[in-house]
file data.tsv (TSV, C-alpha atoms and all ligand atoms)
chain	number	residue	atom	x	y	z
A	26	MET	CA	76.51	-20.38	-10.54
A	27	GLN	CA	77.58	-17.73	-8.08
A	28	GLU	CA	76.15	-15.02	-10.33
A	29	TYR	CA	72.76	-16.75	-10.18
A	30	ARG	CA	72.92	-16.80	-6.41
A	31	GLU	CA	73.61	-13.09	-6.44
A	32	SER	CA	70.89	-12.20	-8.88
A	33	ILE	CA	68.33	-14.19	-6.84
A	34	ALA	CA	69.41	-12.34	-3.72
A	35	LYS	CA	69.12	-8.96	-5.47
A	36	CYS	CA	65.87	-9.73	-7.32
A	37	GLY	CA	63.07	-7.25	-6.47
A	38	ASN	CA	59.95	-8.62	-8.11
A	39	LEU	CA	58.22	-11.87	-8.97
A	40	ALA	CA	58.41	-11.44	-12.75
A	41	ASP	CA	62.23	-11.15	-12.71
A	42	LEU	CA	62.48	-14.05	-10.29
A	43	ASP	CA	60.57	-16.23	-12.71
A	44	LYS	CA	62.99	-15.28	-15.51
A	45	ILE	CA	65.87	-16.48	-13.34
A	46	ARG	CA	64.02	-19.72	-12.63
A	47	VAL	CA	63.53	-20.34	-16.36
A	48	ALA	CA	67.21	-19.56	-17.09
A	49	LEU	CA	68.26	-22.18	-14.53
A	50	LEU	CA	65.61	-24.84	-14.38
A	51	GLY	CA	63.50	-24.27	-17.50
A	52	LYS	CA	63.60	-26.71	-20.43
A	53	LYS	CA	66.79	-25.11	-21.79
A	54	GLY	CA	67.99	-23.80	-18.42
A	55	ALA	CA	71.61	-23.90	-17.29
A	56	ILE	CA	71.07	-26.73	-14.81
A	57	THR	CA	68.60	-28.67	-16.94
A	58	SER	CA	71.03	-28.79	-19.85
A	59	GLU	CA	73.76	-30.15	-17.58
A	60	PHE	CA	71.60	-33.23	-17.01
A	61	ALA	CA	71.77	-33.95	-20.76
A	62	LYS	CA	75.48	-34.54	-20.48
A	63	LEU	CA	74.92	-37.57	-18.22
A	64	LYS	CA	74.15	-39.96	-21.03
A	65	ASP	CA	77.68	-39.66	-22.52
A	66	MET	CA	79.50	-40.32	-19.26
A	67	ASP	CA	80.93	-43.53	-17.89
A	68	GLU	CA	79.32	-45.02	-14.79
A	69	ALA	CA	81.77	-43.69	-12.20
A	70	THR	CA	81.83	-40.06	-13.34
A	71	LYS	CA	78.09	-40.14	-13.99
A	72	LYS	CA	77.27	-41.03	-10.39
A	73	GLU	CA	79.27	-38.24	-8.88
A	74	PHE	CA	78.22	-35.68	-11.50
A	75	ALA	CA	74.55	-36.55	-11.00
A	76	ALA	CA	74.84	-36.29	-7.25
A	77	ASN	CA	76.38	-32.83	-7.51
A	78	LEU	CA	73.86	-31.74	-10.07
A	79	ASN	CA	70.94	-32.86	-7.89
A	80	LYS	CA	72.42	-30.99	-4.96
A	81	LEU	CA	72.77	-27.87	-7.10
A	82	ARG	CA	69.20	-28.14	-8.36
A	83	ASP	CA	67.88	-28.64	-4.81
A	84	GLU	CA	69.84	-25.62	-3.64
A	85	PHE	CA	68.41	-23.35	-6.35
A	86	GLU	CA	64.89	-24.64	-5.92
A	87	ALA	CA	65.11	-23.77	-2.23
A	88	LEU	CA	66.64	-20.34	-2.95
A	89	LEU	CA	63.94	-19.53	-5.52
A	90	ALA	CA	61.12	-20.71	-3.23
A	91	ALA	CA	62.41	-18.68	-0.29
A	92	LYS	CA	62.75	-15.55	-2.44
A	93	LYS	CA	59.30	-16.08	-3.89
A	94	THR	CA	57.71	-16.19	-0.44
A	95	GLU	CA	59.63	-13.08	0.57
A	96	LEU	CA	58.55	-11.13	-2.55
A	97	GLU	CA	54.94	-12.25	-2.28
A	98	SER	CA	54.57	-11.10	1.29
A	99	GLY	CA	56.16	-7.80	0.29
A	100	GLU	CA	53.60	-7.38	-2.48
A	101	ILE	CA	50.68	-8.11	-0.15
A	102	LYS	CA	52.01	-5.56	2.31
A	103	ALA	CA	52.35	-2.96	-0.47
A	104	LYS	CA	48.81	-3.69	-1.68
A	105	MET	CA	47.35	-3.41	1.81
A	106	LYS	CA	49.13	-0.14	2.29
A	107	ALA	CA	47.82	1.24	-1.00
A	108	GLU	CA	44.26	0.16	-0.25
A	109	ALA	CA	44.22	1.20	3.37
A	110	ILE	CA	41.08	2.97	4.56
A	111	ASP	CA	41.38	5.80	7.01
A	112	ILE	CA	38.66	4.87	9.46
A	113	THR	CA	39.23	8.07	11.37
A	114	LEU	CA	37.83	10.15	8.46
A	115	PHE	CA	34.59	12.02	9.25
A	116	ASN	CA	31.58	10.45	7.57
A	117	GLU	CA	28.52	12.57	6.83
A	118	PRO	CA	25.57	10.67	8.36
A	119	SER	CA	23.07	9.65	5.66
A	120	GLY	CA	20.04	10.47	7.83
A	121	ALA	CA	16.96	8.45	8.72
A	122	GLY	CA	14.01	8.29	6.35
A	123	ALA	CA	10.40	9.09	7.10
A	124	LEU	CA	7.07	7.65	6.05
A	125	HIS	CA	5.77	9.30	2.86
A	126	PRO	CA	2.75	11.52	3.67
A	127	VAL	CA	0.51	9.40	1.43
A	128	MET	CA	1.47	6.23	3.30
A	129	ALA	CA	1.19	7.94	6.68
A	130	THR	CA	-2.32	9.10	5.76
A	131	MET	CA	-3.22	5.64	4.47
A	132	ASP	CA	-2.01	4.16	7.78
A	133	LYS	CA	-4.13	6.59	9.78
A	134	ILE	CA	-7.23	5.73	7.72
A	135	ILE	CA	-6.58	1.99	8.03
A	136	GLU	CA	-5.98	2.36	11.76
A	137	TYR	CA	-9.39	3.97	12.23
A	138	PHE	CA	-11.26	1.23	10.41
A	139	MET	CA	-9.32	-1.51	12.18
A	140	MET	CA	-10.55	-0.01	15.46
A	141	GLN	CA	-14.08	-0.20	14.03
A	142	ASN	CA	-13.66	-3.91	13.30
A	143	PHE	CA	-13.44	-3.64	9.52
A	144	SER	CA	-11.44	-6.35	7.75
A	145	LEU	CA	-8.67	-5.44	5.34
A	146	GLU	CA	-9.13	-6.80	1.81
A	147	THR	CA	-6.95	-6.60	-1.28
A	148	GLY	CA	-7.30	-7.38	-4.97
A	149	PRO	CA	-5.21	-7.38	-8.14
A	150	LEU	CA	-4.09	-4.15	-9.82
A	151	ILE	CA	-4.68	-5.71	-13.23
A	152	GLU	CA	-8.40	-6.31	-13.39
A	153	ASP	CA	-10.93	-7.53	-15.90
A	154	ASP	CA	-13.99	-5.80	-17.25
A	155	PHE	CA	-16.34	-7.82	-15.06
A	156	HIS	CA	-14.84	-6.84	-11.69
A	157	ASN	CA	-13.94	-3.24	-12.52
A	158	PHE	CA	-17.15	-2.32	-14.38
A	159	GLU	CA	-19.79	-4.90	-15.27
A	160	ALA	CA	-20.48	-6.24	-11.76
A	161	LEU	CA	-20.56	-2.65	-10.47
A	162	ASN	CA	-23.61	-1.92	-12.61
A	163	LEU	CA	-21.55	-0.41	-15.41
A	164	PRO	CA	-22.58	-2.41	-18.48
A	165	LYS	CA	-20.52	-2.23	-21.67
A	166	TYR	CA	-20.94	1.05	-23.56
A	167	HIS	CA	-22.56	2.70	-20.54
A	168	PRO	CA	-21.72	6.43	-20.71
A	169	ALA	CA	-20.72	6.49	-17.03
A	170	ARG	CA	-17.59	4.54	-18.00
A	171	ASP	CA	-16.27	7.81	-19.40
A	172	MET	CA	-16.00	9.07	-15.82
A	173	GLN	CA	-12.99	6.81	-15.43
A	174	ASP	CA	-10.39	7.07	-18.18
A	175	THR	CA	-9.08	3.55	-18.32
A	176	PHE	CA	-5.71	2.07	-19.23
A	177	TYR	CA	-6.46	-1.05	-21.29
A	178	PHE	CA	-4.20	-3.94	-22.26
A	179	LYS	CA	-4.45	-5.48	-25.73
A	180	ASP	CA	-6.46	-8.41	-24.34
A	181	PHE	CA	-9.00	-6.02	-22.72
A	182	ARG	CA	-7.76	-6.57	-19.23
A	183	LEU	CA	-7.19	-3.20	-17.58
A	184	LEU	CA	-5.49	-1.37	-14.74
A	185	ARG	CA	-8.17	-0.98	-12.08
A	186	THR	CA	-9.61	2.54	-12.11
A	187	HIS	CA	-10.84	2.33	-8.53
A	188	THR	CA	-10.75	0.01	-5.52
A	189	SER	CA	-14.42	-0.95	-5.97
A	190	PRO	CA	-13.55	-4.25	-7.76
A	191	VAL	CA	-12.28	-5.44	-4.38
A	192	GLN	CA	-15.89	-5.10	-3.11
A	193	VAL	CA	-16.97	-7.44	-5.88
A	194	ARG	CA	-14.19	-9.97	-5.21
A	195	THR	CA	-14.83	-9.97	-1.47
A	196	MET	CA	-18.58	-10.47	-1.84
A	197	MET	CA	-18.02	-13.29	-4.31
A	198	SER	CA	-15.68	-15.11	-1.93
A	199	LYS	CA	-17.37	-14.46	1.43
A	200	LYS	CA	-20.87	-14.62	2.83
A	201	PRO	CA	-22.54	-11.62	4.48
A	202	PRO	CA	-22.17	-9.92	6.90
A	203	ILE	CA	-19.26	-7.96	5.40
A	204	ARG	CA	-17.42	-5.11	6.97
A	205	MET	CA	-14.32	-4.34	4.95
A	206	ILE	CA	-11.96	-1.72	3.66
A	207	ALA	CA	-9.73	-2.06	0.61
A	208	PRO	CA	-6.82	0.35	0.43
A	209	GLY	CA	-4.68	0.40	-2.69
A	210	THR	CA	-3.27	1.83	-5.88
A	211	VAL	CA	-5.54	2.80	-8.78
A	212	PHE	CA	-4.85	4.10	-12.29
A	213	ARG	CA	-6.48	6.57	-14.66
A	214	ARG	CA	-5.49	8.21	-17.91
A	215	ASP	CA	-5.34	11.65	-16.46
A	216	MET	CA	-2.49	14.06	-15.81
A	217	ASP	CA	-2.74	17.68	-14.76
A	218	LEU	CA	-2.46	19.92	-11.70
A	219	THR	CA	-4.90	17.85	-9.69
A	220	HIS	CA	-4.64	14.41	-11.33
A	221	THR	CA	-1.88	11.82	-11.60
A	222	PRO	CA	-2.13	8.58	-13.60
A	223	MET	CA	-1.52	6.57	-10.42
A	224	PHE	CA	-3.01	7.38	-7.06
A	225	HIS	CA	-4.41	5.69	-3.96
A	226	GLN	CA	-7.90	5.00	-2.72
A	227	VAL	CA	-9.51	3.43	0.29
A	228	GLU	CA	-12.77	1.64	-0.36
A	229	GLY	CA	-15.27	0.70	2.31
A	230	LEU	CA	-18.17	-1.74	2.23
A	231	VAL	CA	-20.68	-2.86	4.86
A	232	VAL	CA	-23.26	-5.52	4.06
A	233	GLU	CA	-25.82	-7.08	6.41
A	234	GLU	CA	-28.51	-9.67	5.86
A	235	GLY	CA	-32.03	-8.25	5.46
A	236	GLY	CA	-32.64	-4.52	5.53
A	237	ALA	CA	-30.44	-3.71	8.52
A	238	VAL	CA	-28.12	-1.22	6.78
A	239	SER	CA	-29.38	2.21	5.78
A	240	PHE	CA	-28.13	5.54	4.57
A	241	ALA	CA	-28.42	6.77	8.17
A	242	ASN	CA	-25.78	4.22	9.27
A	243	LEU	CA	-23.51	5.33	6.45
A	244	LYS	CA	-23.92	8.97	7.44
A	245	SER	CA	-23.07	8.56	11.10
A	246	MET	CA	-20.17	6.21	10.38
A	247	LEU	CA	-18.60	8.67	7.91
A	248	GLU	CA	-19.19	11.66	10.20
A	249	ASN	CA	-17.27	9.92	12.97
A	250	PHE	CA	-14.50	8.91	10.59
A	251	LEU	CA	-14.08	12.42	9.15
A	252	LYS	CA	-13.98	13.97	12.61
A	253	TYR	CA	-11.28	11.45	13.56
A	254	MET	CA	-9.25	12.46	10.50
A	255	PHE	CA	-9.79	16.23	10.38
A	256	GLY	CA	-10.85	17.23	13.88
A	257	ASP	CA	-13.93	19.27	14.66
A	258	VAL	CA	-15.34	19.78	11.14
A	259	LYS	CA	-18.90	20.08	9.85
A	260	VAL	CA	-19.89	17.29	7.44
A	261	ARG	CA	-22.46	17.60	4.66
A	262	PHE	CA	-23.84	15.13	2.15
A	263	ARG	CA	-24.71	16.25	-1.39
A	264	PRO	CA	-26.77	14.09	-3.73
A	265	SER	CA	-24.62	12.65	-6.49
A	266	PHE	CA	-24.38	9.71	-8.86
A	267	PHE	CA	-22.36	6.49	-8.91
A	268	PRO	CA	-23.57	3.52	-10.96
A	269	PHE	CA	-22.93	1.11	-8.07
A	270	THR	CA	-24.79	3.01	-5.35
A	271	GLU	CA	-28.35	4.33	-5.12
A	272	PRO	CA	-28.87	6.78	-3.58
A	273	SER	CA	-25.37	8.22	-3.90
A	274	ALA	CA	-23.75	11.20	-2.25
A	275	GLU	CA	-20.62	13.25	-2.28
A	276	VAL	CA	-19.36	14.25	1.13
A	277	ASP	CA	-17.91	17.64	2.03
A	278	ILE	CA	-16.22	18.85	5.20
A	279	SER	CA	-16.16	22.49	6.28
A	280	CYS	CA	-12.92	24.02	5.02
A	281	ILE	CA	-10.14	23.25	7.50
A	282	PHE	CA	-8.15	26.29	6.34
A	283	CYS	CA	-10.73	29.11	6.60
A	284	HIS	CA	-13.29	27.30	8.80
A	285	GLY	CA	-16.02	28.04	6.30
A	286	ASP	CA	-15.35	31.72	5.60
A	287	GLY	CA	-14.14	31.06	2.06
A	288	CYS	CA	-10.54	30.86	0.83
A	289	ARG	CA	-8.45	29.82	-2.15
A	290	VAL	CA	-8.31	26.12	-1.19
A	291	CYS	CA	-12.12	25.77	-0.90
A	292	LYS	CA	-12.62	28.12	-3.86
A	293	GLN	CA	-14.58	30.52	-1.63
A	294	THR	CA	-17.26	27.91	-0.95
A	295	GLY	CA	-16.29	27.11	2.63
A	296	TRP	CA	-16.49	23.38	1.84
A	297	LEU	CA	-14.02	20.71	0.72
A	298	GLU	CA	-15.16	17.60	-1.12
A	299	VAL	CA	-13.54	14.53	0.44
A	300	LEU	CA	-15.31	11.33	-0.65
A	301	GLY	CA	-18.06	9.52	-2.52
A	302	CYS	CA	-20.54	7.08	-1.04
A	303	GLY	CA	-23.97	5.55	-1.21
A	304	VAL	CA	-26.30	2.65	-0.56
A	305	VAL	CA	-25.23	-0.39	-2.59
A	306	ASP	CA	-27.29	-0.72	-5.79
A	307	PRO	CA	-29.37	-3.94	-5.98
A	308	ASN	CA	-27.77	-4.70	-9.36
A	309	VAL	CA	-24.38	-5.07	-7.64
A	310	PHE	CA	-25.80	-7.63	-5.21
A	311	LYS	CA	-27.41	-9.44	-8.13
A	312	ALA	CA	-24.06	-9.60	-9.98
A	313	VAL	CA	-22.27	-11.19	-7.01
A	314	GLY	CA	-25.16	-13.56	-6.19
A	315	TYR	CA	-26.24	-11.96	-2.89
A	316	LYS	CA	-29.95	-12.14	-2.00
A	317	ASN	CA	-31.95	-10.31	0.66
A	318	VAL	CA	-29.11	-8.08	1.90
A	319	SER	CA	-28.54	-4.35	2.34
A	320	GLY	CA	-25.34	-2.38	2.40
A	321	TYR	CA	-23.44	0.84	1.97
A	322	ALA	CA	-20.12	1.70	0.36
A	323	PHE	CA	-17.72	4.61	0.15
A	324	GLY	CA	-14.51	5.47	-1.64
A	325	LEU	CA	-11.91	8.14	-0.99
A	326	GLY	CA	-8.71	9.45	-2.53
A	327	VAL	CA	-5.76	9.18	-0.15
A	328	GLU	CA	-3.68	11.91	-1.86
A	329	ARG	CA	-6.53	14.37	-1.37
A	330	PHE	CA	-6.66	13.54	2.35
A	331	ALA	CA	-2.87	13.84	2.65
A	332	MET	CA	-2.83	17.22	0.90
A	333	LEU	CA	-5.52	18.60	3.16
A	334	LEU	CA	-4.02	17.17	6.34
A	335	HIS	CA	-0.53	18.47	5.61
A	336	GLN	CA	-1.44	21.58	3.62
A	337	ILE	CA	0.41	20.41	0.52
A	338	PRO	CA	-0.67	22.71	-2.32
A	339	ASP	CA	0.53	20.73	-5.36
A	340	LEU	CA	-0.46	17.08	-5.92
A	341	ARG	CA	2.59	16.44	-8.08
A	342	SER	CA	4.99	17.13	-5.20
A	343	LEU	CA	3.74	13.87	-3.62
A	344	PHE	CA	5.27	11.91	-6.48
A	345	GLU	CA	8.53	13.76	-7.11
A	346	GLY	CA	10.49	12.12	-4.30
A	347	ASP	CA	12.09	15.45	-3.37
A	348	LEU	CA	13.88	14.96	-0.05
A	349	ARG	CA	13.17	18.55	0.94
A	350	LEU	CA	9.47	17.73	1.00
A	351	LEU	CA	9.90	14.33	2.66
A	352	GLU	CA	12.19	15.68	5.35
A	353	GLN	CA	9.32	17.80	6.67
A	354	PHE	CA	7.42	14.66	7.67
A	355	LYS	CA	9.94	13.13	10.06
A	401	LIG	N1	-15.35	4.02	-6.84
A	401	LIG	C1	-15.72	5.41	-6.77
A	401	LIG	C2	-14.63	6.21	-7.50
A	401	LIG	O1	-13.61	5.76	-7.76
A	401	LIG	C3	-15.85	5.88	-5.37
A	401	LIG	C4	-16.99	5.25	-4.64
A	401	LIG	C5	-16.83	4.05	-3.97
A	401	LIG	C6	-18.24	5.86	-4.62
A	401	LIG	C7	-17.90	3.49	-3.32
A	401	LIG	C8	-19.29	5.30	-3.97
A	401	LIG	C9	-19.14	4.10	-3.33
A	401	LIG	O2	-14.80	7.31	-7.87
call {"tool": "encode", "arguments": {"input": "data.tsv", "output": "structure tokens"}}
result
Amino acid sequence: MQEYRESIAKCGNLADLDKIRVALLGKKGAITSEFAKLKDMDEATKKEFAANLNKLRDEFEALLAAKKTELESGEIKAKMKAEAIDITLFNEPSGAGALHPVMATMDKIIEYFMMQNFSLETGPLIEDDFHNFEALNLPKYHPARDMQDTFYFKDFRLLRTHTSPVQVRTMMSKKPPIRMIAPGTVFRRDMDLTHTPMFHQVEGLVVEEGGAVSFANLKSMLENFLKYMFGDVKVRFRPSFFPFTEPSAEVDISCIFCHGDGCRVCKQTGWLEVLGCGVVDPNVFKAVGYKNVSGYAFGLGVERFAMLLHQIPDLRSLFEGDLRLLEQFK
């Protein structure tokens, strides 16, 4: 038994210790098999033998348990040492982020209209034909639908091609007067230097009972807005066409890069087109069940505003997520 005491004392790891335990106290272990001898002994010898054997077993159980605790704590210490982290190492700071120029521009636009008491409305990105087209005076098979290359789902729902369906939804759920903007994501099947399949618009709509709202109101409101966004620019309205407004106009500002002299950005015209607008077509009011009202609406592309405001030459760089671009907007 002395050799077992020695090997427990010398044992250096838990696996070997367990082997010793099995050799002593396992089913066929040295101590266990001694117990088998009891049944052939007479009463007197048996008692003494059993007492000694129990003592021996208790001794080894205690020795094994003590060694086990010792080895385990050693292993934990070794593990902690191996996994230690040097908290004095220099850590490169990861740097703070910045608002993406599109979102910053969106915020500035929203801020302006909040100051002018417009409400903020939203609508779903997946729209149906009625809200995106039909109610906006774009009947099925109308050629003007080609202006907006649409992503369709199999069930003829679609990704909204503009924020104008939010006009429709708002008018159908609220009574006039209405004074709202609808900022959000829109989608078109278009991809080149100046178009991306996803971009952002801000829609505006003002509706009053009776004939209170005119093109003149629209003009002065947009002039003030564009001066807020771009500073001291000239604003001009060009006749245009949208199915949901009549009359309609496209709005230009004097080129903020050459101040009207002509440059590459304004294609030598001295003017930059920035938004579309008009007086709401009576057919739109009819579709949403409004009677005896007047109103105006406008829609703008946020990326276009952001590019002009920050002199970003390539639309695609707004969607690449290149930190070198984003870091310039801290
Ligand atoms: N919905 C139009 C577009 O996406 C923009 C617009 C909105 C024009 C409201 C006039 C009035 O092109």
call {"tool": "residues_around", "arguments": {"input": "data.tsv", "residues": "Leu183 of chain A", "least_positions_apart": "5", "cutoff": "9 Å", "atoms": "all atoms listed in the file", "output": "PyMOL selection string"}}
result
chain A and resi 150-154+157+175-178
call {"tool": "residues_around", "arguments": {"input": "data.tsv", "residues": "Met332 of chain A", "least_positions_apart": "4", "cutoff": "10 Å", "atoms": "all atoms listed in the file", "output": "list in words"}}
result
Pro126, Val127, Thr130, Val327, Glu328, Gln336, Ile337, Pro338, Asp339, Leu340, Ser342 and Leu343 of chain A
call {"tool": "write_last_selection", "arguments": {"input": "data.tsv", "atoms": "C-alpha atoms", "output": "PDB file, keeping the file's coordinate frame"}}
result
ATOM      1  CA  PRO A 126       2.750  11.520   3.670  1.00  0.00           C
ATOM      2  CA  VAL A 127       0.510   9.400   1.430  1.00  0.00           C
ATOM      3  CA  THR A 130      -2.320   9.100   5.760  1.00  0.00           C
ATOM      4  CA  VAL A 327      -5.760   9.180  -0.150  1.00  0.00           C
ATOM      5  CA  GLU A 328      -3.680  11.910  -1.860  1.00  0.00           C
ATOM      6  CA  GLN A 336      -1.440  21.580   3.620  1.00  0.00           C
ATOM      7  CA  ILE A 337       0.410  20.410   0.520  1.00  0.00           C
ATOM      8  CA  PRO A 338      -0.670  22.710  -2.320  1.00  0.00           C
ATOM      9  CA  ASP A 339       0.530  20.730  -5.360  1.00  0.00           C
ATOM     10  CA  LEU A 340      -0.460  17.080  -5.920  1.00  0.00           C
ATOM     11  CA  SER A 342       4.990  17.130  -5.200  1.00  0.00           C
ATOM     12  CA  LEU A 343       3.740  13.870  -3.620  1.00  0.00           C
TER      13      LEU A 343
END
call {"tool": "residues_around", "arguments": {"input": "data.tsv", "residues": "Phe85 of chain A", "least_positions_apart": "5", "cutoff": "9 Å", "atoms": "only C-alpha atoms", "output": "list in words"}}
result
Tyr29, Arg30, Arg46, Leu49, Leu50, Lys80 and Ala90 of chain A
call {"tool": "residues_around", "arguments": {"input": "data.tsv", "residues": "segment 161-173 of chain A", "least_positions_apart": "3", "cutoff": "8 Å", "atoms": "only C-alpha atoms", "output": "PDB file with C-alpha atoms, in the frame of the given file"}}
result
ATOM      1  CA  HIS A 156     -14.840  -6.840 -11.690  1.00  0.00           C
ATOM      2  CA  ASN A 157     -13.940  -3.240 -12.520  1.00  0.00           C
ATOM      3  CA  PHE A 158     -17.150  -2.320 -14.380  1.00  0.00           C
ATOM      4  CA  THR A 186      -9.610   2.540 -12.110  1.00  0.00           C
ATOM      5  CA  SER A 189     -14.420  -0.950  -5.970  1.00  0.00           C
ATOM      6  CA  PRO A 190     -13.550  -4.250  -7.760  1.00  0.00           C
ATOM      7  CA  VAL A 193     -16.970  -7.440  -5.880  1.00  0.00           C
ATOM      8  CA  ARG A 213      -6.480   6.570 -14.660  1.00  0.00           C
ATOM      9  CA  PRO A 268     -23.570   3.520 -10.960  1.00  0.00           C
ATOM     10  CA  PHE A 269     -22.930   1.110  -8.070  1.00  0.00           C
ATOM     11  CA  ASP A 306     -27.290  -0.720  -5.790  1.00  0.00           C
ATOM     12  CA  ASN A 308     -27.770  -4.700  -9.360  1.00  0.00           C
ATOM     13  CA  VAL A 309     -24.380  -5.070  -7.640  1.00  0.00           C
ATOM     14  CA  ALA A 312     -24.060  -9.600  -9.980  1.00  0.00           C
TER      15      ALA A 312
END
call {"tool": "closest_atom_pairs", "arguments": {"input": "data.tsv", "of": "chain A", "to": "ligand LIG 401 (chain A)", "cutoff": "9 Å", "atoms": "only C-alpha atoms and all ligand atoms", "output": "tab-separated table"}}
result
residue	atom	partner	partner_atom	distance
A:Met172	CA	A:LIG401	O2	8.2
A:Gln173	CA	A:LIG401	O1	7.8
A:Thr186	CA	A:LIG401	O1	6.7
A:His187	CA	A:LIG401	O1	4.5
A:Thr188	CA	A:LIG401	N1	6.2
A:Ser189	CA	A:LIG401	N1	5.1
A:Pro190	CA	A:LIG401	N1	8.5
A:Gln192	CA	A:LIG401	C7	8.8
A:Val211	CA	A:LIG401	O1	8.7
A:Gln226	CA	A:LIG401	O1	7.7
A:Val227	CA	A:LIG401	C5	8.5
A:Glu228	CA	A:LIG401	C5	5.9
A:Gly229	CA	A:LIG401	C7	6.8
A:Leu230	CA	A:LIG401	C7	7.6
A:Phe266	CA	A:LIG401	C8	8.3
A:Phe267	CA	A:LIG401	C8	5.9
A:Pro268	CA	A:LIG401	C8	8.4
A:Phe269	CA	A:LIG401	C9	6.8
A:Thr270	CA	A:LIG401	C9	6.1
A:Ser273	CA	A:LIG401	C8	6.7
A:Ala274	CA	A:LIG401	C8	7.6
A:Glu275	CA	A:LIG401	C6	8.1
A:Leu300	CA	A:LIG401	C3	7.2
A:Gly301	CA	A:LIG401	C6	4.2
A:Cys302	CA	A:LIG401	C8	3.6
A:Gly303	CA	A:LIG401	C8	5.4
A:Val304	CA	A:LIG401	C9	7.8
A:Val305	CA	A:LIG401	C9	7.6
A:Tyr321	CA	A:LIG401	C9	7.6
A:Ala322	CA	A:LIG401	C9	4.5
A:Phe323	CA	A:LIG401	C7	3.7
A:Gly324	CA	A:LIG401	C5	3.6
A:Leu325	CA	A:LIG401	C3	6.3
A:Gly326	CA	A:LIG401	O1	8.1
call {"tool": "residues_near_point", "arguments": {"input": "data.tsv", "point": "(-1.9, 2.1, 4.3)", "cutoff": "12 Å", "atoms": "only C-alpha atoms", "output": "ChimeraX atom specification"}}
result
/A:124-139,145-147,206-210,225-228,327-328,331
call {"tool": "residues_around", "arguments": {"input": "data.tsv", "residues": "Asp257 of chain A", "least_positions_apart": "3", "cutoff": "10 Å", "atoms": "only C-alpha atoms", "output": "list in words"}}
result
Leu251, Lys252, Tyr253, Met254, Val260, Ile278, Ser279, Ile281 and His284 of chain A
call {"tool": "atom_distance", "arguments": {"input": "data.tsv", "atom1": "atom CA of Val299 of chain A", "atom2": "atom CA of Arg329 of chain A"}}
result
7.2 Å
call {"tool": "closest_residue", "arguments": {"input": "data.tsv", "among": "A:Val231, A:Met205, A:Leu334, A:Met246", "to": "Ser144 of chain A", "atoms": "all atoms listed in the file"}}
result
A:Met205
call {"tool": "closest_residue", "arguments": {"input": "data.tsv", "among": "A:Ser245, A:Arg214, A:Lys93, A:Pro264", "to": "Asn38 of chain A", "atoms": "all atoms listed in the file"}}
result
A:Lys93
call {"tool": "atom_distance", "arguments": {"input": "data.tsv", "atom1": "atom CA of Leu297 of chain A", "atom2": "atom CA of Gly256 of chain A"}}
result
14.0 Å
